[in-house]
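Engineer: Input protein.txt, format and content: compact mmCIF, C-alpha atoms.
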```txt
# COMPACT_ATOMS: atom_id res chain seq x y z
CA MET A 1 -83.49 15.45 -19.54
CA THR A 2 -83.86 13.46 -16.30
CA LEU A 3 -81.49 10.78 -17.64
CA ARG A 4 -78.84 13.36 -18.49
CA ALA A 5 -79.03 14.93 -15.00
CA GLY A 6 -78.60 11.51 -13.38
CA THR A 7 -75.55 10.76 -15.48
CA MET A 8 -73.94 14.06 -14.44
CA ARG A 9 -74.62 13.30 -10.74
CA LEU A 10 -72.94 9.89 -11.07
CA ALA A 11 -69.89 11.46 -12.77
CA CYS A 12 -69.58 14.05 -10.01
CA MET A 13 -69.80 11.37 -7.31
CA PHE A 14 -67.12 9.26 -9.03
CA SER A 15 -64.79 12.28 -9.38
CA SER A 16 -65.27 13.11 -5.70
CA ILE A 17 -64.39 9.54 -4.66
CA LEU A 18 -61.21 9.66 -6.78
CA LEU A 19 -60.17 13.00 -5.29
CA PHE A 20 -60.76 11.82 -1.71
CA GLY A 21 -58.80 8.61 -2.44
CA ALA A 22 -55.84 10.52 -3.89
CA ALA A 23 -55.81 12.93 -0.94
CA GLY A 24 -55.86 10.05 1.51
CA LEU A 25 -52.94 8.34 -0.26
CA LEU A 26 -50.89 11.53 -0.17
CA LEU A 27 -51.65 11.96 3.52
CA PHE A 28 -50.59 8.36 4.23
CA ILE A 29 -47.28 8.77 2.37
CA SER A 30 -46.48 12.04 4.11
CA LEU A 31 -46.90 10.40 7.53
CA GLN A 32 -44.43 7.58 6.75
CA ASP A 33 -40.74 7.59 7.84
CA PRO A 34 -38.86 7.97 4.52
CA THR A 35 -36.08 5.70 5.76
CA GLU A 36 -38.59 2.84 5.92
CA LEU A 37 -39.24 3.20 2.20
CA ALA A 38 -35.56 2.78 1.24
CA PRO A 39 -34.04 -0.70 0.83
CA ARG A 40 -32.30 -1.89 3.99
CA GLN A 41 -28.50 -2.22 3.87
CA LEU A 42 -25.92 -3.69 6.19
CA PRO A 43 -23.56 -1.25 7.94
CA GLY A 44 -20.29 -0.92 6.09
CA ILE A 45 -21.68 -2.28 2.81
CA LYS A 46 -21.97 -0.07 -0.24
CA PHE A 47 -25.40 0.72 -1.61
CA SER A 48 -25.71 1.51 -5.30
CA ILE A 49 -28.13 4.31 -6.03
CA ARG A 50 -28.26 3.24 -9.65
CA PRO A 51 -27.21 0.00 -11.33
CA GLN A 52 -23.58 -0.24 -12.33
CA GLN A 53 -21.25 -2.77 -13.86
CA SER A 54 -19.04 -4.48 -11.33
CA TYR A 55 -15.27 -4.25 -11.69
CA ASN A 56 -15.27 -8.01 -11.57
CA ASP A 57 -17.22 -8.02 -14.85
CA LEU A 58 -14.57 -5.94 -16.59
CA PRO A 59 -11.80 -7.75 -18.47
CA PRO A 60 -8.27 -7.30 -17.11
CA GLY A 61 -6.66 -4.17 -18.46
CA SER A 62 -9.97 -2.35 -18.96
CA SER A 63 -11.61 0.43 -17.01
CA GLN A 64 -14.69 2.60 -17.10
CA ASP A 65 -12.46 5.66 -16.89
CA GLY A 66 -10.01 6.73 -19.57
CA ASP A 67 -7.77 9.08 -17.57
CA LEU A 68 -4.71 7.75 -15.83
CA LYS A 69 -5.26 9.66 -12.61
CA ALA A 70 -5.09 8.44 -9.04
CA PRO A 71 -8.62 7.08 -8.51
CA THR A 72 -10.65 9.09 -6.06
CA GLU A 73 -12.99 6.27 -5.20
CA LYS A 74 -12.64 2.54 -4.83
CA VAL A 75 -15.63 0.29 -5.33
CA PRO A 76 -15.31 -2.50 -2.76
CA GLY A 77 -16.71 -5.90 -3.46
CA ASP A 78 -18.76 -7.96 -1.05
CA LEU A 79 -16.96 -7.37 2.22
CA SER A 80 -17.68 -10.84 3.49
CA SER A 81 -15.60 -12.19 0.62
CA ARG A 82 -12.66 -9.99 1.70
CA ALA A 83 -12.60 -11.29 5.27
CA PRO A 84 -9.45 -13.18 6.29
CA ARG A 85 -9.33 -16.94 5.93
CA GLY A 86 -11.07 -18.63 8.82
CA PHE A 87 -12.65 -15.35 9.95
CA ASN A 88 -16.38 -14.78 10.24
CA LEU A 89 -17.82 -11.44 9.26
CA LEU A 90 -19.04 -9.56 12.32
CA VAL A 91 -21.49 -6.83 11.34
CA PRO A 92 -21.77 -4.19 14.07
CA ASP A 93 -25.28 -3.34 15.16
CA GLN A 94 -25.02 0.39 14.71
CA PRO A 95 -27.24 3.01 13.06
CA GLN A 96 -26.31 3.96 9.56
CA GLY A 97 -24.24 7.04 8.90
CA HIS A 98 -25.72 10.04 7.18
CA LEU A 99 -24.58 12.38 4.48
CA ASN A 100 -23.35 15.84 5.41
CA ALA A 101 -26.33 18.17 5.10
CA GLY A 102 -24.26 21.05 3.77
CA ALA A 103 -22.16 19.07 1.34
CA ARG A 104 -22.96 19.25 -2.34
CA PRO A 105 -22.98 15.77 -3.91
CA ARG A 106 -20.29 15.28 -6.53
CA GLN A 107 -21.41 14.21 -9.96
CA ARG A 108 -19.68 10.94 -10.82
CA ARG A 109 -20.25 8.15 -13.25
CA ARG A 110 -20.71 5.87 -10.29
CA ARG A 111 -22.55 7.35 -7.31
CA LEU A 112 -22.23 5.43 -4.08
CA LEU A 113 -23.61 5.82 -0.62
CA ILE A 114 -20.95 4.39 1.70
CA LYS A 115 -22.14 3.81 5.20
CA LYS A 116 -19.82 4.70 8.02
CA MET A 117 -18.60 1.98 10.34
CA PRO A 118 -17.94 2.71 14.02
CA ALA A 119 -14.44 4.07 14.73
CA ALA A 120 -13.51 3.86 11.05
CA ALA A 121 -11.77 6.63 9.18
CA ALA A 122 -13.14 7.91 5.89
CA ILE A 123 -11.94 5.97 2.87
CA PRO A 124 -9.41 8.12 0.97
CA ALA A 125 -8.30 8.03 -2.62
CA ASN A 126 -7.30 4.54 -3.76
CA GLY A 127 -8.51 3.24 -0.39
CA SER A 128 -10.24 0.00 0.50
CA ALA A 129 -13.09 -0.78 2.83
CA ARG A 130 -12.27 -3.52 5.34
CA ALA A 131 -14.81 -5.42 7.38
CA PHE A 132 -14.36 -5.99 11.09
CA VAL A 133 -13.96 -9.71 11.67
CA ARG A 134 -13.22 -12.14 14.47
CA PRO A 135 -9.68 -13.45 15.00
CA ALA A 136 -8.79 -16.55 13.00
CA PRO A 137 -8.12 -19.87 14.76
CA TRP A 138 -4.34 -19.30 14.59
CA ALA A 139 -4.57 -15.93 16.32
CA PRO A 140 -4.69 -15.55 20.11
CA ASP A 141 -7.65 -13.70 21.59
CA GLY A 142 -7.59 -10.08 20.51
CA HIS A 143 -4.46 -10.54 18.41
CA TRP A 144 -6.15 -9.77 15.11
CA VAL A 145 -7.80 -6.70 16.63
CA ASN A 146 -4.36 -5.42 17.68
CA LEU A 147 -2.98 -6.01 14.19
CA HIS A 148 -5.97 -4.22 12.68
CA HIS A 149 -5.46 -1.22 14.97
CA ARG A 150 -1.75 -1.23 14.14
CA GLN A 151 -2.60 -0.94 10.45
CA GLN A 152 -5.02 1.91 11.07
CA GLU A 153 -2.40 3.80 13.06
CA ARG A 154 0.35 3.29 10.45
CA LYS A 155 -1.89 4.54 7.66
CA ARG A 156 -3.01 7.50 9.76
CA VAL A 157 0.59 8.58 10.43
CA MET A 158 1.51 8.16 6.77
CA ARG A 159 -1.46 10.20 5.55
CA GLU A 160 -0.82 12.98 8.05
CA ALA A 161 2.82 13.24 6.96
CA CYS A 162 1.75 13.35 3.32
CA ALA A 163 -0.90 15.99 4.02
CA LYS A 164 1.64 18.15 5.84
CA TYR A 165 4.67 17.86 3.58
CA ARG A 166 3.45 16.50 0.25
CA ALA A 167 -0.01 18.05 -0.10
CA SER A 168 0.41 18.59 -3.84
CA SER A 169 1.16 14.89 -4.49
CA SER A 170 -2.46 13.82 -4.10
CA ARG A 171 -3.44 16.04 -7.04
CA ARG A 172 -0.83 14.68 -9.42
CA ALA A 173 -1.66 12.18 -12.14
CA VAL A 174 -0.28 8.66 -11.81
CA THR A 175 2.34 7.90 -14.45
CA PRO A 176 4.02 4.59 -15.31
CA ARG A 177 7.12 5.82 -13.46
CA HIS A 178 5.15 6.01 -10.21
CA VAL A 179 4.16 2.33 -10.46
CA SER A 180 7.37 0.92 -11.94
CA ARG A 181 8.31 -0.83 -8.64
CA ILE A 182 4.86 -2.40 -8.14
CA PHE A 183 4.44 -6.12 -8.88
CA VAL A 184 1.08 -7.59 -9.88
CA GLU A 185 -0.53 -10.85 -8.75
CA ASP A 186 -3.87 -11.15 -10.53
CA ARG A 187 -5.27 -14.33 -8.97
CA HIS A 188 -5.51 -12.82 -5.49
CA ARG A 189 -5.69 -9.23 -6.77
CA VAL A 190 -2.55 -8.01 -5.01
CA LEU A 191 -0.21 -5.12 -5.82
CA TYR A 192 3.13 -5.22 -4.00
CA CYS A 193 5.55 -2.29 -4.06
CA GLU A 194 9.10 -3.60 -3.83
CA VAL A 195 11.32 -1.93 -1.23
CA PRO A 196 14.78 -3.56 -1.49
CA LYS A 197 16.34 -4.77 1.78
CA ALA A 198 12.90 -4.98 3.41
CA GLY A 199 12.10 -8.62 2.63
CA CYS A 200 11.43 -8.06 -1.08
CA SER A 201 13.05 -11.31 -2.32
CA ASN A 202 10.85 -13.47 -0.12
CA TRP A 203 7.76 -11.38 -0.88
CA LYS A 204 8.28 -11.99 -4.58
CA ARG A 205 8.59 -15.70 -3.83
CA VAL A 206 5.25 -15.54 -2.02
CA LEU A 207 3.65 -13.77 -5.00
CA MET A 208 4.96 -16.46 -7.34
CA VAL A 209 3.37 -19.18 -5.20
CA LEU A 210 0.11 -17.21 -5.06
CA ALA A 211 0.17 -16.93 -8.85
CA GLY A 212 0.60 -20.70 -9.21
CA LEU A 213 4.11 -20.38 -10.65
CA ALA A 214 5.66 -22.54 -7.90
CA SER A 215 4.34 -24.88 -5.24
CA SER A 216 6.71 -23.71 -2.50
CA THR A 217 8.78 -20.62 -1.75
CA ALA A 218 11.77 -22.81 -0.84
CA GLU A 219 12.19 -24.10 -4.40
CA ILE A 220 12.51 -20.64 -6.01
CA GLN A 221 16.13 -19.61 -6.61
CA HIS A 222 17.51 -16.09 -6.14
CA ASN A 223 18.13 -15.54 -9.87
CA THR A 224 14.58 -16.64 -10.70
CA VAL A 225 13.24 -14.08 -8.24
CA HIS A 226 15.30 -11.11 -9.41
CA TYR A 227 16.16 -11.79 -13.03
CA GLY A 228 13.17 -13.80 -14.24
CA SER A 229 10.07 -12.32 -15.86
CA ALA A 230 7.46 -14.45 -14.14
CA LEU A 231 5.96 -11.53 -12.20
CA LYS A 232 4.56 -8.59 -14.12
CA ARG A 233 5.14 -4.99 -13.12
CA LEU A 234 2.24 -2.59 -13.07
CA ASP A 235 3.89 -0.22 -15.55
CA THR A 236 3.74 -2.92 -18.26
CA PHE A 237 -0.05 -2.52 -18.52
CA ASP A 238 -1.85 0.17 -20.50
CA ARG A 239 -3.37 3.11 -18.66
CA GLN A 240 -6.76 1.40 -18.30
CA GLY A 241 -5.07 -1.68 -16.85
CA ILE A 242 -3.08 0.42 -14.38
CA LEU A 243 -6.14 2.37 -13.25
CA HIS A 244 -8.29 -0.75 -12.97
CA ARG A 245 -5.77 -2.50 -10.72
CA LEU A 246 -5.04 0.55 -8.57
CA SER A 247 -8.79 0.91 -8.00
CA THR A 248 -9.68 -2.69 -7.23
CA TYR A 249 -6.60 -4.62 -6.02
CA THR A 250 -5.18 -4.73 -2.49
CA LYS A 251 -2.09 -2.52 -2.45
CA MET A 252 0.68 -3.21 0.05
CA LEU A 253 4.27 -2.32 0.85
CA PHE A 254 6.79 -3.31 3.52
CA VAL A 255 9.31 -0.84 4.92
CA ARG A 256 12.36 -0.96 7.19
CA GLU A 257 14.18 1.36 9.59
CA PRO A 258 16.15 3.57 7.16
CA PHE A 259 19.60 3.36 8.81
CA GLU A 260 19.34 -0.43 9.10
CA ARG A 261 18.19 -0.70 5.50
CA LEU A 262 21.12 1.43 4.35
CA VAL A 263 23.69 -0.65 6.27
CA SER A 264 22.09 -3.86 5.00
CA ALA A 265 22.44 -2.62 1.41
CA PHE A 266 26.08 -1.59 1.96
CA ARG A 267 27.02 -4.94 3.47
CA ASP A 268 25.32 -6.86 0.66
CA LYS A 269 26.67 -4.86 -2.26
CA PHE A 270 30.14 -3.75 -1.13
CA GLU A 271 31.39 -6.28 1.44
CA HIS A 272 30.93 -9.28 -0.86
CA PRO A 273 32.05 -9.90 -4.44
CA ASN A 274 29.65 -8.27 -6.85
CA SER A 275 30.04 -8.05 -10.60
CA TYR A 276 27.81 -4.98 -10.92
CA TYR A 277 28.10 -2.76 -7.85
CA HIS A 278 31.91 -2.92 -7.57
CA PRO A 279 32.73 -1.81 -11.12
CA VAL A 280 29.79 0.60 -11.51
CA PHE A 281 29.51 2.19 -8.05
CA GLY A 282 32.71 1.10 -6.27
CA LYS A 283 35.15 2.47 -8.85
CA ALA A 284 33.38 5.85 -9.03
CA ILE A 285 33.20 6.15 -5.22
CA LEU A 286 36.88 5.29 -4.71
CA ALA A 287 38.00 7.65 -7.47
CA ARG A 288 36.06 10.57 -5.97
CA TYR A 289 36.32 10.08 -2.21
CA ARG A 290 39.51 8.12 -1.45
CA ALA A 291 42.75 10.05 -1.53
CA ASN A 292 45.66 8.07 -2.98
CA ALA A 293 43.49 5.08 -3.91
CA SER A 294 45.58 2.14 -5.17
CA ARG A 295 45.52 1.13 -8.80
CA GLU A 296 44.04 -2.22 -7.85
CA ALA A 297 41.18 -0.55 -5.96
CA LEU A 298 40.47 1.79 -8.86
CA ARG A 299 40.60 -1.13 -11.30
CA THR A 300 38.20 -3.41 -9.41
CA GLY A 301 36.10 -1.01 -7.33
CA SER A 302 36.42 -3.36 -4.34
CA GLY A 303 36.97 -2.34 -0.74
CA VAL A 304 34.64 0.68 -0.44
CA ARG A 305 34.36 1.77 3.19
CA PHE A 306 31.12 2.83 4.81
CA PRO A 307 32.13 6.51 5.34
CA GLU A 308 33.07 6.71 1.64
CA PHE A 309 29.73 5.21 0.68
CA VAL A 310 27.89 7.78 2.82
CA GLN A 311 29.92 10.59 1.22
CA TYR A 312 28.63 9.40 -2.15
CA LEU A 313 25.07 9.17 -0.85
CA LEU A 314 25.04 12.75 0.47
CA ASP A 315 26.84 14.32 -2.48
CA VAL A 316 24.43 16.39 -4.60
CA HIS A 317 26.88 15.92 -7.49
CA ARG A 318 27.23 12.15 -7.20
CA PRO A 319 29.69 10.59 -9.63
CA VAL A 320 27.13 7.83 -10.27
CA GLY A 321 23.37 7.91 -9.89
CA MET A 322 20.96 6.74 -7.19
CA ASP A 323 20.10 3.06 -6.74
CA ILE A 324 16.86 1.42 -5.58
CA HIS A 325 18.63 -0.37 -2.71
CA TRP A 326 19.21 2.90 -0.85
CA ASP A 327 16.65 5.22 -2.44
CA HIS A 328 13.82 6.70 -0.34
CA VAL A 329 10.65 4.64 0.04
CA SER A 330 8.75 7.84 -0.75
CA ARG A 331 10.36 7.82 -4.21
CA LEU A 332 10.14 4.08 -4.82
CA CYS A 333 6.47 3.62 -3.93
CA SER A 334 4.91 7.13 -4.04
CA PRO A 335 2.82 6.56 -0.87
CA CYS A 336 1.53 10.14 -0.96
CA LEU A 337 0.07 9.54 -4.41
CA ILE A 338 -0.99 5.89 -4.10
CA ASP A 339 -2.98 5.11 -0.98
CA TYR A 340 -1.75 1.71 0.19
CA ASP A 341 -4.21 -0.59 1.91
CA PHE A 342 -1.56 -2.37 3.98
CA VAL A 343 1.71 -1.06 5.44
CA GLY A 344 3.96 -3.75 6.87
CA LYS A 345 7.30 -3.42 8.62
CA PHE A 346 10.41 -5.57 8.41
CA GLU A 347 10.72 -5.40 12.19
CA SER A 348 7.35 -7.15 12.67
CA MET A 349 7.54 -9.21 9.48
CA GLU A 350 6.11 -12.51 10.73
CA ASP A 351 2.99 -11.00 12.29
CA ASP A 352 2.39 -8.51 9.49
CA ALA A 353 3.04 -10.94 6.64
CA ASN A 354 0.85 -13.73 7.96
CA PHE A 355 -1.91 -11.23 8.80
CA PHE A 356 -1.78 -9.91 5.23
CA LEU A 357 -1.90 -13.44 3.80
CA SER A 358 -5.02 -14.06 5.88
CA LEU A 359 -6.63 -10.88 4.60
CA ILE A 360 -6.22 -11.92 0.96
CA ARG A 361 -7.32 -15.50 1.73
CA ALA A 362 -4.06 -17.11 0.69
CA PRO A 363 -3.74 -20.90 1.06
CA ARG A 364 -3.35 -21.88 4.71
CA ASN A 365 -0.11 -23.72 4.10
CA LEU A 366 1.54 -20.60 2.69
CA THR A 367 3.50 -18.59 5.24
CA PHE A 368 6.18 -15.99 4.82
CA PRO A 369 9.60 -17.69 4.49
CA ARG A 370 12.17 -17.02 7.19
CA PHE A 371 15.34 -17.96 5.32
CA LYS A 372 17.95 -15.37 4.37
CA ASP A 373 18.16 -14.98 0.62
CA ARG A 374 21.90 -14.21 0.28
CA HIS A 375 24.95 -14.68 2.49
CA SER A 376 22.95 -17.01 4.71
CA GLN A 377 25.90 -17.62 7.06
CA GLU A 378 26.12 -13.94 7.89
CA ALA A 379 24.03 -12.36 10.65
CA ARG A 380 21.13 -10.17 9.55
CA THR A 381 21.63 -6.44 9.91
CA THR A 382 20.17 -5.45 13.27
CA ALA A 383 19.87 -2.11 15.05
CA GLN A 384 23.06 -2.94 16.98
CA ILE A 385 25.03 -3.71 13.80
CA ALA A 386 23.74 -0.57 12.10
CA HIS A 387 24.79 1.47 15.14
CA GLN A 388 28.33 0.11 14.85
CA TYR A 389 28.58 1.26 11.24
CA PHE A 390 27.18 4.71 11.97
CA THR A 391 29.67 5.30 14.78
CA GLN A 392 32.30 5.44 11.99
CA LEU A 393 30.71 8.70 10.85
CA SER A 394 30.95 12.17 12.31
CA ALA A 395 27.95 13.66 14.09
CA LEU A 396 27.39 15.95 11.10
CA GLN A 397 27.36 13.01 8.66
CA ARG A 398 24.86 11.14 10.84
CA GLN A 399 22.64 14.22 10.96
CA ARG A 400 22.81 14.71 7.20
CA THR A 401 22.00 11.04 6.61
CA TYR A 402 19.02 11.34 8.96
CA ASP A 403 17.90 14.44 7.04
CA PHE A 404 18.27 12.50 3.78
CA TYR A 405 15.80 9.86 5.02
CA TYR A 406 13.68 12.26 7.07
CA MET A 407 10.44 11.66 5.15
CA ASP A 408 10.81 7.90 5.55
CA TYR A 409 11.35 8.31 9.29
CA LEU A 410 8.33 10.60 9.50
CA MET A 411 5.89 8.69 7.28
CA PHE A 412 6.57 5.31 8.85
CA ASN A 413 6.93 6.51 12.44
CA TYR A 414 10.48 5.35 13.15
CA SER A 415 12.32 6.78 16.14
CA LYS A 416 15.57 8.72 15.84
CA PRO A 417 18.39 6.15 15.96
CA PHE A 418 20.80 8.50 17.77
CA ALA A 419 20.01 10.81 20.68
CA ASP A 420 21.94 13.76 19.21
CA LEU A 421 19.83 13.90 16.04
CA TYR A 422 17.37 16.73 15.67
```
Let me see the file written as structure tokens.

Structural biologist:
Amino acid sequence: MTLRAGTMRLACMFSSILLFGAAGLLLFISLQDPTELAPRQLPGIKFSIRPQQSYNDLPPGSSQDGDLKAPTEKVPGDLSSRAPRGFNLLVPDQPQGHLNAGARPRQRRRRLLIKKMPAAAAIPANGSARAFVRPAPWAPDGHWVNLHHRQQERKRVMREACAKYRASSSRRAVTPRHVSRIFVEDRHRVLYCEVPKAGCSNWKRVLMVLAGLASSTAEIQHNTVHYGSALKRLDTFDRQGILHRLSTYTKMLFVREPFERLVSAFRDKFEHPNSYYHPVFGKAILARYRANASREALRTGSGVRFPEFVQYLLDVHRPVGMDIHWDHVSRLCSPCLIDYDFVGKFESMEDDANFFLSLIRAPRNLTFPRFKDRHSQEARTTAQIAHQYFTQLSALQRQRTYDFYYMDYLMFNYSKPFADLY
């Protein structure tokens, strides 16, 4: 009996010790700062809440999602690997951002906690995270910072215009038509939307060098650029391939002041011999808009004047369809549906192009070519030359042409080219 009582006392003492130990552990945990228990992360770097397969591990043309919709989230890679050539990653010493207390977390296949960087906007659909880095050796002090701020401002203006006038676009599904003007360079993971008369010939030369198809931009002929099949278009991939590249590649486009771009296209296609634009567009324009056109003009389609060309452009019942050389950028590249990472301008081509090449870590000896692709003896179309052409029009025609390109003027923050425009 005595032995049994002793055994029970020992069991009670052991149970008491376990209970006190458990209570002490719970008290210790409750007094700890929960942030100290989470793994530390660098500001601006993604933190995976659960393991996931990297996009880099997926074969080209594949995707974890089956729907061909504009991706609502881009998974950035290691940001230090995305820094421009010769730049060192500078990680700001700032406290980490926090999630909105009232926001309900969305259920996704991939859940990410993206930390906010100082003075950085939220990453939108199809967006990319960019690290803040020091200027490269080629850049003067503060030059890269100015270029970075310029990019932020251009994208802000574009997104605000889209939100105001094209709010429904962001909810539309991406179709092959929307990406038919986008060229793919897989080695450096670049998507380039071609805007004719905004440096597109030389940009395609650069892409061919990046892809290893040529050693120099100077050796690539005009016909190879425009009529060859060396560069793939995004719409040639299946829907998984399109979605994968839109989500993970750097997307860029270059634009130009709309009136200058229009005059440049007119000079190129109608003031020089052309075996396509004269018979297809020229003959239809002369037949519709020139009274008493000569038989020779109607036979060849040559000699179209700028006011006649503008009449065709503004006619809702055009005798011949639209052409990419004077179509709106908003139709060519769908910037309200596809969120471009980089928006360059023809007017600041050298700075913008070489900055972009640094961002994608292109070879140092590759710079954007300066040569004129066609009619090299002829002066480039400038604001002054464009003004001379537009003075041939009436004030009403100028206004209607401005209205035609209004979204391009608004999205890309170009000033009104004439004081009497409203």

Engineer: Tell me which residues come within 12 Å of (29.5, 4.1, 13.0), as number ranges by chain, counting all atoms listed in the file in the file's coordinates.

Structural biologist: A: 259-260, 263, 305-307, 310, 383-395, 397-398, 417-418

Engineer: Using only C-alpha atoms, which residue out of A:Leu357, A:Val157, A:Leu213, A:Ala297 lies closest to A:Ser229?

Structural biologist: A:Leu213

Engineer: Work out how far atom CA of A:Arg177 is from atom CA of A:Arg156, in Å to one decimal.

Structural biologist: 25.4 Å

Engineer: How many Å separate atom CA of A:Ala353 from atom CA of A:Arg261?

Structural biologist: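 According to the coordinates, atom CA of A:Ala353 and atom CA of A:Arg261 are separated by 18.3 Å.
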
Engineer: So the first atom is atom CA of A:Phe270 and the second is atom CA of A:Asp315; what is the distance between them in Å, to one decimal place?

Structural biologist: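 So the two atoms, atom CA of A:Phe270 and atom CA of A:Asp315, lie 18.4 Å apart.
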
Engineer: Could you check which of A:Ser358, A:Thr224, A:Thr381, A:Ser15 is closest to A:Leu262, using all atoms listed in the file?

Structural biologist: A:Thr381

Engineer: Residues near A:Gly301, anyone? I mean within 7 Å using only C-alpha atoms, not counting same-chain ones fewer than 4 positions away, as a PyMOL selection string.

Structural biologist: chain A and resi 278-279+282-283+286+297

Engineer: Go ahead and write the selection's residues with C-alpha atoms as a CSV table (one decimal), in the frame of the given file.

Structural biologist:
```
chain,number,residue,atom,x,y,z
A,278,HIS,CA,31.9,-2.9,-7.6
A,279,PRO,CA,32.7,-1.8,-11.1
A,282,GLY,CA,32.7,1.1,-6.3
A,283,LYS,CA,35.2,2.5,-8.8
A,286,LEU,CA,36.9,5.3,-4.7
A,297,ALA,CA,41.2,-0.6,-6.0
```

Engineer: Can you pull out the residues contacting A:Asn223? Cut-off 12 Å, using all atoms listed in the file, and skip same-chain residues under 3 positions away; I want them as a PyMOL selection string.

Structural biologist: chain A and resi 201+204-205+219-220+226-230+373-374

Engineer: Closest to A:Arg370 among A:Val206, A:Leu231, A:Leu147, A:Ala284, using only C-alpha atoms?

Structural biologist: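 Between A:Val206, A:Leu231, A:Leu147, A:Ala284, the residue approaching A:Arg370 most closely is A:Val206.
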
Engineer: From the list A:Tyr409, A:Tyr249, A:Phe342, A:Trp326, which residue is nearest A:Ser264 when using only C-alpha atoms?

Structural biologist: A:Trp326

Engineer: Write out as a tab-separated table (two decimals) with C-alpha atoms, in the frame of the given file the residues lying within 12 Å of A:Asp323, counting only C-alpha atoms and excluding same-chain residues fewer than 5 positions away.

Structural biologist:
```
chain	number	residue	atom	x	y	z
A	195	VAL	CA	11.32	-1.93	-1.23
A	196	PRO	CA	14.78	-3.56	-1.49
A	262	LEU	CA	21.12	1.43	4.35
A	265	ALA	CA	22.44	-2.62	1.41
A	266	PHE	CA	26.08	-1.59	1.96
A	269	LYS	CA	26.67	-4.86	-2.26
A	276	TYR	CA	27.81	-4.98	-10.92
A	277	TYR	CA	28.10	-2.76	-7.85
A	280	VAL	CA	29.79	0.60	-11.51
A	281	PHE	CA	29.51	2.19	-8.05
A	312	TYR	CA	28.63	9.40	-2.15
A	313	LEU	CA	25.07	9.17	-0.85
A	318	ARG	CA	27.23	12.15	-7.20
A	328	HIS	CA	13.82	6.70	-0.34
A	329	VAL	CA	10.65	4.64	0.04
A	331	ARG	CA	10.36	7.82	-4.21
A	332	LEU	CA	10.14	4.08	-4.82
```

Engineer: Can you pull out the residues contacting A:Glu160? Cut-off 12 Å, using all atoms listed in the file, and skip same-chain residues under 5 positions away; I want them as a list in words.

Structural biologist: Glu153, Arg154, Lys155, Tyr165, Arg166, Ala167, Pro335, Cys336, Met407, Leu410, Met411, Phe412 and Asn413 of chain A

Engineer: Neighbours of A:Asn202 within 10 Å (only C-alpha atoms; same-chain residues fewer than 6 positions away dropped), as a list in words?

Structural biologist: Met208, Thr217, Ala218, Ile220, His222, Val225, Phe368, Pro369, Arg370, Phe371, Lys372 and Asp373 of chain A

Engineer: Measuring between all atoms listed in the file, which one of A:Asp408, A:Gln240, A:Arg267, A:Ile285 shows the shortest distance to A:Glu308?

Structural biologist: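 Closest to A:Glu308, using all atoms listed in the file: A:Ile285.
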
Engineer: Using all atoms listed in the file, which of the listed residues (A:Gly142, A:Gly199, A:Pro363, A:Gly321) sits closest to A:Phe254?

Structural biologist: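 Of A:Gly142, A:Gly199, A:Pro363, A:Gly321, the one nearest A:Phe254, counting all atoms listed in the file, is A:Gly199.
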